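J.: Provided below: model12.cif, containing mmCIF, C-alpha atoms; chains and numbers go by the auth columns.
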```
data_work
loop_
_atom_site.group_PDB
_atom_site.id
_atom_site.type_symbol
_atom_site.label_atom_id
_atom_site.label_comp_id
_atom_site.label_asym_id
_atom_site.label_seq_id
_atom_site.Cartn_x
_atom_site.Cartn_y
_atom_site.Cartn_z
_atom_site.B_iso_or_equiv
_atom_site.auth_seq_id
_atom_site.auth_asym_id
ATOM 1 C CA MET A 1 10.405 -13.884 -9.502 0.00 1 A
ATOM 2 C CA ARG A 2 10.270 -10.526 -7.685 0.00 2 A
ATOM 3 C CA LEU A 3 13.929 -10.978 -6.799 0.00 3 A
ATOM 4 C CA LEU A 4 14.914 -10.828 -10.454 0.00 4 A
ATOM 5 C CA PRO A 5 15.872 -7.424 -11.824 0.00 5 A
ATOM 6 C CA ARG A 6 13.155 -5.652 -13.779 0.00 6 A
ATOM 7 C CA ALA A 7 15.096 -5.983 -17.063 0.00 7 A
ATOM 8 C CA VAL A 8 15.177 -9.771 -16.646 0.00 8 A
ATOM 9 C CA ARG A 9 11.462 -9.882 -15.822 0.00 9 A
ATOM 10 C CA ASP A 10 10.743 -7.733 -18.896 0.00 10 A
ATOM 11 C CA SER A 11 12.791 -10.107 -21.070 0.00 11 A
ATOM 12 C CA LEU A 12 10.959 -13.122 -19.644 0.00 12 A
ATOM 13 C CA GLU A 13 7.648 -11.381 -20.288 0.00 13 A
ATOM 14 C CA ALA A 14 8.643 -10.752 -23.925 0.00 14 A
ATOM 15 C CA LEU A 15 9.259 -14.501 -24.267 0.00 15 A
ATOM 16 C CA GLY A 16 5.875 -15.280 -22.710 0.00 16 A
ATOM 17 C CA TRP A 17 7.434 -16.889 -19.636 0.00 17 A
ATOM 18 C CA TRP A 18 6.373 -14.223 -17.155 0.00 18 A
ATOM 19 C CA GLN A 19 3.631 -11.676 -16.802 0.00 19 A
ATOM 20 C CA ASN A 20 4.576 -8.455 -15.083 0.00 20 A
ATOM 21 C CA PRO A 21 1.933 -7.109 -12.701 0.00 21 A
ATOM 22 C CA ILE A 22 -0.397 -4.448 -14.035 0.00 22 A
ATOM 23 C CA PRO A 23 -0.113 -1.224 -12.021 0.00 23 A
ATOM 24 C CA GLN A 24 -3.362 -0.560 -10.170 0.00 24 A
ATOM 25 C CA LYS A 25 -5.353 2.579 -9.478 0.00 25 A
ATOM 26 C CA PRO A 26 -5.263 4.063 -5.940 0.00 26 A
ATOM 27 C CA SER A 27 -8.371 2.303 -4.610 0.00 27 A
ATOM 28 C CA THR A 28 -7.129 -1.107 -5.743 0.00 28 A
ATOM 29 C CA HIS A 29 -3.646 -0.346 -4.435 0.00 29 A
ATOM 30 C CA LEU A 30 -5.103 0.429 -1.000 0.00 30 A
ATOM 31 C CA ALA A 31 -7.033 -2.850 -1.090 0.00 31 A
ATOM 32 C CA GLN A 32 -3.750 -4.617 -1.908 0.00 32 A
ATOM 33 C CA VAL A 33 -2.126 -2.877 1.070 0.00 33 A
ATOM 34 C CA LEU A 34 -4.886 -4.260 3.320 0.00 34 A
ATOM 35 C CA ALA A 35 -4.396 -7.737 1.846 0.00 35 A
ATOM 36 C CA ALA A 36 -0.627 -7.543 2.456 0.00 36 A
ATOM 37 C CA LEU A 37 -1.161 -6.444 6.072 0.00 37 A
ATOM 38 C CA ASP A 38 -3.638 -9.299 6.562 0.00 38 A
ATOM 39 C CA LYS A 39 -1.252 -11.842 5.076 0.00 39 A
ATOM 40 C CA TYR A 40 2.050 -10.745 6.610 0.00 40 A
ATOM 41 C CA GLY A 41 0.869 -8.892 9.730 0.00 41 A
ATOM 42 C CA ARG A 42 1.250 -5.256 10.718 0.00 42 A
ATOM 43 C CA CYS A 43 4.139 -3.705 12.605 0.00 43 A
ATOM 44 C CA LYS A 44 5.138 -0.315 13.947 0.00 44 A
ATOM 45 C CA SER A 45 8.369 1.679 13.643 0.00 45 A
ATOM 46 C CA LEU A 46 9.775 -0.400 10.755 0.00 46 A
ATOM 47 C CA ASP A 47 8.678 -0.585 7.139 0.00 47 A
ATOM 48 C CA ILE A 48 9.327 -4.341 7.247 0.00 48 A
ATOM 49 C CA SER A 49 10.201 -6.121 10.494 0.00 49 A
ATOM 50 C CA PRO A 50 12.751 -8.954 10.753 0.00 50 A
ATOM 51 C CA THR A 51 9.808 -11.379 10.914 0.00 51 A
ATOM 52 C CA GLY A 52 8.215 -9.995 7.725 0.00 52 A
ATOM 53 C CA ARG A 53 5.473 -7.856 9.247 0.00 53 A
ATOM 54 C CA MET A 54 4.885 -4.514 7.537 0.00 54 A
ATOM 55 C CA CYS A 55 3.623 -1.075 8.318 0.00 55 A
ATOM 56 C CA ILE A 56 1.352 0.694 5.826 0.00 56 A
ATOM 57 C CA ARG A 57 4.306 2.381 4.106 0.00 57 A
ATOM 58 C CA GLY A 58 6.248 -0.891 3.998 0.00 58 A
ATOM 59 C CA ALA A 59 3.352 -2.645 2.259 0.00 59 A
ATOM 60 C CA GLN A 60 3.103 0.222 -0.234 0.00 60 A
ATOM 61 C CA THR A 61 6.822 0.065 -0.953 0.00 61 A
ATOM 62 C CA MET A 62 6.730 -3.691 -1.463 0.00 62 A
ATOM 63 C CA LEU A 63 3.812 -3.346 -3.891 0.00 63 A
ATOM 64 C CA GLN A 64 5.481 -0.502 -5.785 0.00 64 A
ATOM 65 C CA ARG A 65 8.782 -2.377 -6.124 0.00 65 A
ATOM 66 C CA ALA A 66 6.906 -5.400 -7.448 0.00 66 A
ATOM 67 C CA GLY A 67 5.187 -3.223 -10.074 0.00 67 A
ATOM 68 C CA HIS A 68 1.676 -3.269 -8.631 0.00 68 A
ATOM 69 C CA VAL A 69 1.432 0.534 -8.406 0.00 69 A
ATOM 70 C CA THR A 70 3.096 3.506 -10.062 0.00 70 A
ATOM 71 C CA PRO A 71 4.688 6.250 -7.946 0.00 71 A
ATOM 72 C CA HIS A 72 1.923 8.634 -9.073 0.00 72 A
ATOM 73 C CA ASP A 73 -0.928 6.307 -8.094 0.00 73 A
ATOM 74 C CA ARG A 74 0.800 5.490 -4.817 0.00 74 A
ATOM 75 C CA SER A 75 0.949 9.194 -4.040 0.00 75 A
ATOM 76 C CA ARG A 76 -2.771 9.494 -4.870 0.00 76 A
ATOM 77 C CA ALA A 77 -3.470 6.584 -2.495 0.00 77 A
ATOM 78 C CA VAL A 78 -1.523 8.405 0.227 0.00 78 A
ATOM 79 C CA HIS A 79 -3.653 11.497 -0.457 0.00 79 A
ATOM 80 C CA TYR A 80 -6.840 9.505 0.181 0.00 80 A
ATOM 81 C CA LEU A 81 -5.358 7.923 3.287 0.00 81 A
ATOM 82 C CA GLN A 82 -4.479 11.384 4.631 0.00 82 A
ATOM 83 C CA LEU A 83 -8.029 12.590 3.863 0.00 83 A
ATOM 84 C CA SER A 84 -9.373 9.604 5.783 0.00 84 A
ATOM 85 C CA LEU A 85 -7.209 10.496 8.771 0.00 85 A
ATOM 86 C CA HIS A 86 -8.217 14.179 8.633 0.00 86 A
ATOM 87 C CA GLU A 87 -11.872 13.097 8.895 0.00 87 A
ATOM 88 C CA VAL A 88 -11.154 11.775 12.396 0.00 88 A
ATOM 89 C CA GLY A 89 -9.016 14.729 13.430 0.00 89 A
ATOM 90 C CA VAL A 90 -5.570 13.243 12.772 0.00 90 A
ATOM 91 C CA ASP A 91 -3.211 15.857 11.366 0.00 91 A
ATOM 92 C CA MET A 92 0.051 13.941 10.955 0.00 92 A
ATOM 93 C CA PRO A 93 1.558 11.750 8.259 0.00 93 A
ATOM 94 C CA PHE A 94 -0.068 8.323 8.055 0.00 94 A
ATOM 95 C CA PHE A 95 3.233 6.555 8.814 0.00 95 A
ATOM 96 C CA ALA A 96 3.636 8.529 12.061 0.00 96 A
ATOM 97 C CA TRP A 97 0.012 7.776 12.993 0.00 97 A
ATOM 98 C CA ASN A 98 0.647 4.057 12.279 0.00 98 A
ATOM 99 C CA ASP A 99 3.435 4.084 14.891 0.00 99 A
ATOM 100 C CA LEU A 100 1.410 5.639 17.721 0.00 100 A
ATOM 101 C CA PRO A 101 0.897 3.302 20.693 0.00 101 A
ATOM 102 C CA SER A 102 -2.865 3.973 20.520 0.00 102 A
ATOM 103 C CA THR A 103 -3.206 2.963 16.840 0.00 103 A
ATOM 104 C CA THR A 104 -4.563 -0.575 16.578 0.00 104 A
ATOM 105 C CA ASP A 105 -4.917 -2.946 13.636 0.00 105 A
ATOM 106 C CA THR A 106 -8.645 -2.183 13.686 0.00 106 A
ATOM 107 C CA HIS A 107 -7.977 1.564 13.382 0.00 107 A
ATOM 108 C CA VAL A 108 -5.622 0.962 10.454 0.00 108 A
ATOM 109 C CA ARG A 109 -8.166 -1.257 8.704 0.00 109 A
ATOM 110 C CA GLN A 110 -10.961 1.313 9.184 0.00 110 A
ATOM 111 C CA ARG A 111 -8.895 4.224 7.867 0.00 111 A
ATOM 112 C CA ILE A 112 -7.662 2.266 4.830 0.00 112 A
ATOM 113 C CA GLN A 113 -11.199 1.087 4.045 0.00 113 A
ATOM 114 C CA ARG A 114 -12.416 4.680 4.272 0.00 114 A
ATOM 115 C CA ALA A 115 -9.562 5.781 1.974 0.00 115 A
ATOM 116 C CA ILE A 116 -10.617 3.093 -0.525 0.00 116 A
ATOM 117 C CA HIS A 117 -14.153 4.480 -0.436 0.00 117 A
ATOM 118 C CA LEU A 118 -12.913 8.037 -0.976 0.00 118 A
ATOM 119 C CA ALA A 119 -10.779 6.944 -3.927 0.00 119 A
ATOM 120 C CA HIS A 120 -13.719 5.029 -5.464 0.00 120 A
ATOM 121 C CA THR A 121 -15.962 8.054 -5.032 0.00 121 A
ATOM 122 C CA ASN A 122 -13.469 10.097 -7.060 0.00 122 A
ATOM 123 C CA GLY A 123 -13.144 7.471 -9.785 0.00 123 A
ATOM 124 C CA GLU A 124 -9.745 6.332 -8.663 0.00 124 A
#
```
Please express what this file holds, its structure, as structure tokens.

T.:
Amino acid sequence: MRLLPRAVRDSLEALGWWQNPIPQKPSTHLAQVLAALDKYGRCKSLDISPTGRMCIRGAQTMLQRAGHVTPHDRSRAVHYLQLSLHEVGVDMPFFAWNDLPSTTDTHVRQRIQRAIHLAHTNGE
């Protein structure tokens, strides 16, 4: 159903044949990003690889296009992810950090989990 244009999905929803996703707050969006990375695998240098693996930004884009997060709440999630990285001395955009040879899946998981905690702490 995600391949259908939004107008078609909205029409199907009006008929009761489809339920559009409910946009989530930043903490839930970050948890969805983790779930997507767990399900499809993580990659570097590409938002989505030819085999379907995703980087953090690729997972966010997929979730936003599917209606699971608004642009505003996605940007808030990025804010918390950047705060999480600053706590460990990383002063670069999260997508550049994701692509570093030294960044492992474990590092990504830890930083996203910390960002979820920071968002929860702020009621988001």

J.: List, as a PyMOL selection string, every residue that the PyMOL selection byres ((chain A and resi 35) around 12) selects in the file provided.

T.: chain A and resi 28-34+36-42+54+56+59-60+63+109+112-113

J.: Could you list, as a PDB file with C-alpha atoms, keeping the file's coordinate frame, every residue within 7 Å of Pro23 of chain A, counting only C-alpha atoms and ignoring same-chain residues fewer than 3 positions away?

T.:
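To be explicit, this is the file written out as result_11.pdb:
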```
ATOM      1  CA  GLY A  67       5.187  -3.223 -10.074  1.00  0.00           C
ATOM      2  CA  HIS A  68       1.676  -3.269  -8.631  1.00  0.00           C
ATOM      3  CA  VAL A  69       1.432   0.534  -8.406  1.00  0.00           C
ATOM      4  CA  THR A  70       3.096   3.506 -10.062  1.00  0.00           C
TER       5      THR A  70
END
```

J.: Quick one: of A:Arg6, A:Arg114, A:Arg53, A:Ser102, who's nearest to His86 of chain A, counting all atoms listed in the file?

T.: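 Selected residue with least distance to His86 of chain A: A:Arg114.
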
J.: Counting all atoms listed in the file, which residue out of A:Met92, A:Leu12, A:Ile48, A:Leu85 sits closest to Gln110 of chain A?

T.: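 Checking each of A:Met92, A:Leu12, A:Ile48, A:Leu85 against Gln110 of chain A, counting all atoms listed in the file, the winner is A:Leu85.
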
J.: Between atom CA of Ser27 of chain A and atom CA of Arg74 of chain A, what is the distance, to one decimal in Å?

T.: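 Atom-to-atom, atom CA of Ser27 of chain A to atom CA of Arg74 of chain A, that is 9.7 Å.
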
J.: For His120 of chain A, work out the shell of residues within 10 Å, counting all atoms listed in the file and skipping chain neighbours fewer than 2 positions away, then give it as a list in words.

T.: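 Neighbouring residues, sequence-local ones excluded: Lys25, Pro26, Ser27, Thr28, Tyr80, Arg114, Ala115, Ile116, His117, Leu118, Asn122, Gly123 and Glu124 of chain A.
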
J.: Can you turn the PyMOL selection byres ((chain A and resi 46) around 12) into a concrete residue list for this file, as a list in words?

T.: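 Output of the PyMOL selection byres ((chain A and resi 46) around 12): Arg42, Cys43, Lys44, Ser45, Asp47, Ile48, Ser49, Pro50, Thr51, Gly52, Arg53, Met54, Cys55, Ile56, Arg57, Gly58, Ala59, Phe95, Ala96, Asn98 and Asp99 of chain A.
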
J.: So, with all atoms listed in the file as the atoms that count, which of A:Thr121, A:Pro101, A:Thr106, A:Phe94 lies closest to Val78 of chain A?

T.: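 The shortest atom-to-atom distance to Val78 of chain A comes from A:Phe94.
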
J.: Please evaluate the PyMOL selection byres ((chain A and resi 19) around 12) against the structure above and give the resulting residues as a list of chain:residue names.

T.: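 Residues picked by the PyMOL selection byres ((chain A and resi 19) around 12): A:Met1, A:Arg2, A:Arg6, A:Val8, A:Arg9, A:Asp10, A:Ser11, A:Leu12, A:Glu13, A:Ala14, A:Leu15, A:Gly16, A:Trp17, A:Trp18, A:Asn20, A:Pro21, A:Ile22, A:Ala66, A:Gly67, A:His68.
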
J.: Let me have the centre and edge lengths of the axis-aligned box enclosing all listed atoms of segment 53-64 of chain A with 5 Å padding on every side, in Å to one decimal, as lines of an AutoDock Vina configuration file.

T.:
```
center_x = 4.1
center_y = -2.7
center_z = 1.7
size_x = 15.5
size_y = 20.2
size_z = 25.0
```

J.: Separation of atom CA of Ser75 of chain A and atom CA of Leu100 of chain A, in Å?

T.: 22.1 Å

J.: Find, counting all atoms listed in the file, the residue in A:Pro5, A:Thr61, A:His107, A:Ala119 that gets nearest to Leu83 of chain A.

T.: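 Result for the nearest residue to Leu83 of chain A: A:Ala119.
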
J.: I need the residue nearest Ala77 of chain A from this list: A:Gln24, A:Thr103, A:Val108, A:Arg65. Use only C-alpha atoms for the distance.

T.: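 Of A:Gln24, A:Thr103, A:Val108, A:Arg65, the one nearest Ala77 of chain A is A:Gln24, counting only C-alpha atoms.
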
J.: Atom CA of Asp73 of chain A and atom CA of Arg111 of chain A, how far apart in Å?

T.: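 Straight-line distance from atom CA of Arg111 of chain A to atom CA of Asp73 of chain A works out to 18.0 Å.
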
J.: With the input short on atoms, add all heavy atoms back to segment 84-95 of chain A and write it as a CSV table (one decimal), keeping the file's coordinate frame.

T.:
```csv
chain,number,residue,atom,x,y,z
A,84,SER,N,-8.7,10.5,4.8
A,84,SER,CA,-9.4,9.6,5.8
A,84,SER,C,-9.0,9.9,7.2
A,84,SER,O,-9.8,10.0,8.1
A,84,SER,CB,-9.1,8.1,5.4
A,84,SER,OG,-9.5,7.3,6.4
A,85,LEU,N,-7.7,10.2,7.4
A,85,LEU,CA,-7.2,10.5,8.8
A,85,LEU,C,-7.7,11.9,9.2
A,85,LEU,O,-8.1,12.1,10.4
A,85,LEU,CB,-5.7,10.4,8.8
A,85,LEU,CG,-5.1,9.0,8.7
A,85,LEU,CD1,-3.6,9.1,8.6
A,85,LEU,CD2,-5.4,8.2,10.0
A,86,HIS,N,-7.7,12.8,8.3
A,86,HIS,CA,-8.2,14.2,8.6
A,86,HIS,C,-9.7,14.1,9.1
A,86,HIS,O,-10.1,14.9,9.9
A,86,HIS,CB,-8.0,15.1,7.5
A,86,HIS,CG,-6.6,15.5,7.2
A,86,HIS,ND1,-6.2,16.8,6.9
A,86,HIS,CD2,-5.5,14.8,7.3
A,86,HIS,CE1,-4.9,16.9,6.8
A,86,HIS,NE2,-4.4,15.7,7.0
A,87,GLU,N,-10.5,13.2,8.5
A,87,GLU,CA,-11.9,13.1,8.9
A,87,GLU,C,-12.0,12.8,10.4
A,87,GLU,O,-13.1,13.1,11.0
A,87,GLU,CB,-12.6,12.0,8.1
A,87,GLU,CG,-12.8,12.4,6.6
A,87,GLU,CD,-13.5,11.3,5.9
A,87,GLU,OE1,-13.6,10.1,6.4
A,87,GLU,OE2,-14.0,11.6,4.7
A,88,VAL,N,-11.1,12.1,11.0
A,88,VAL,CA,-11.2,11.8,12.4
A,88,VAL,C,-10.2,12.6,13.2
A,88,VAL,O,-9.9,12.3,14.4
A,88,VAL,CB,-10.9,10.3,12.6
A,88,VAL,CG1,-12.0,9.4,12.0
A,88,VAL,CG2,-9.5,9.8,12.1
A,89,GLY,N,-9.8,13.8,12.7
A,89,GLY,CA,-9.0,14.7,13.4
A,89,GLY,C,-7.5,14.4,13.6
A,89,GLY,O,-6.8,15.0,14.4
A,90,VAL,N,-7.0,13.5,12.7
A,90,VAL,CA,-5.6,13.2,12.8
A,90,VAL,C,-4.9,14.1,11.8
A,90,VAL,O,-5.2,14.1,10.6
A,90,VAL,CB,-5.3,11.7,12.5
A,90,VAL,CG1,-3.8,11.5,12.4
A,90,VAL,CG2,-6.0,10.9,13.5
A,91,ASP,N,-3.9,14.9,12.2
A,91,ASP,CA,-3.2,15.9,11.4
A,91,ASP,C,-1.7,15.6,11.4
A,91,ASP,O,-0.9,16.4,11.9
A,91,ASP,CB,-3.5,17.3,11.8
A,91,ASP,CG,-3.0,18.3,10.8
A,91,ASP,OD1,-2.9,18.0,9.6
A,91,ASP,OD2,-2.7,19.4,11.2
A,92,MET,N,-1.4,14.4,11.0
A,92,MET,CA,0.1,13.9,11.0
A,92,MET,C,0.2,13.0,9.8
A,92,MET,O,-0.8,12.4,9.3
A,92,MET,CB,0.5,13.3,12.3
A,92,MET,CG,-0.2,12.0,12.6
A,92,MET,SD,0.4,11.2,14.1
A,92,MET,CE,0.2,12.4,15.4
A,93,PRO,N,1.4,12.7,9.3
A,93,PRO,CA,1.6,11.8,8.3
A,93,PRO,C,1.1,10.4,8.7
A,93,PRO,O,1.2,10.0,9.9
A,93,PRO,CB,3.1,11.7,8.0
A,93,PRO,CG,3.6,13.0,8.6
A,93,PRO,CD,2.6,13.4,9.7
A,94,PHE,N,0.5,9.6,7.7
A,94,PHE,CA,-0.1,8.3,8.1
A,94,PHE,C,1.0,7.4,8.7
A,94,PHE,O,0.6,6.6,9.6
A,94,PHE,CB,-0.7,7.7,6.8
A,94,PHE,CG,0.3,7.2,5.8
A,94,PHE,CD1,0.8,5.8,5.9
A,94,PHE,CD2,0.9,8.0,4.8
A,94,PHE,CE1,1.7,5.4,5.0
A,94,PHE,CE2,1.8,7.5,3.9
A,94,PHE,CZ,2.2,6.2,4.0
A,95,PHE,N,2.2,7.5,8.3
A,95,PHE,CA,3.2,6.6,8.8
A,95,PHE,C,3.6,6.9,10.3
A,95,PHE,O,3.9,6.0,11.0
A,95,PHE,CB,4.5,6.5,7.9
A,95,PHE,CG,5.1,7.9,7.6
A,95,PHE,CD1,5.9,8.5,8.5
A,95,PHE,CD2,4.7,8.5,6.4
A,95,PHE,CE1,6.5,9.7,8.1
A,95,PHE,CE2,5.2,9.7,6.1
A,95,PHE,CZ,6.1,10.4,7.0
```
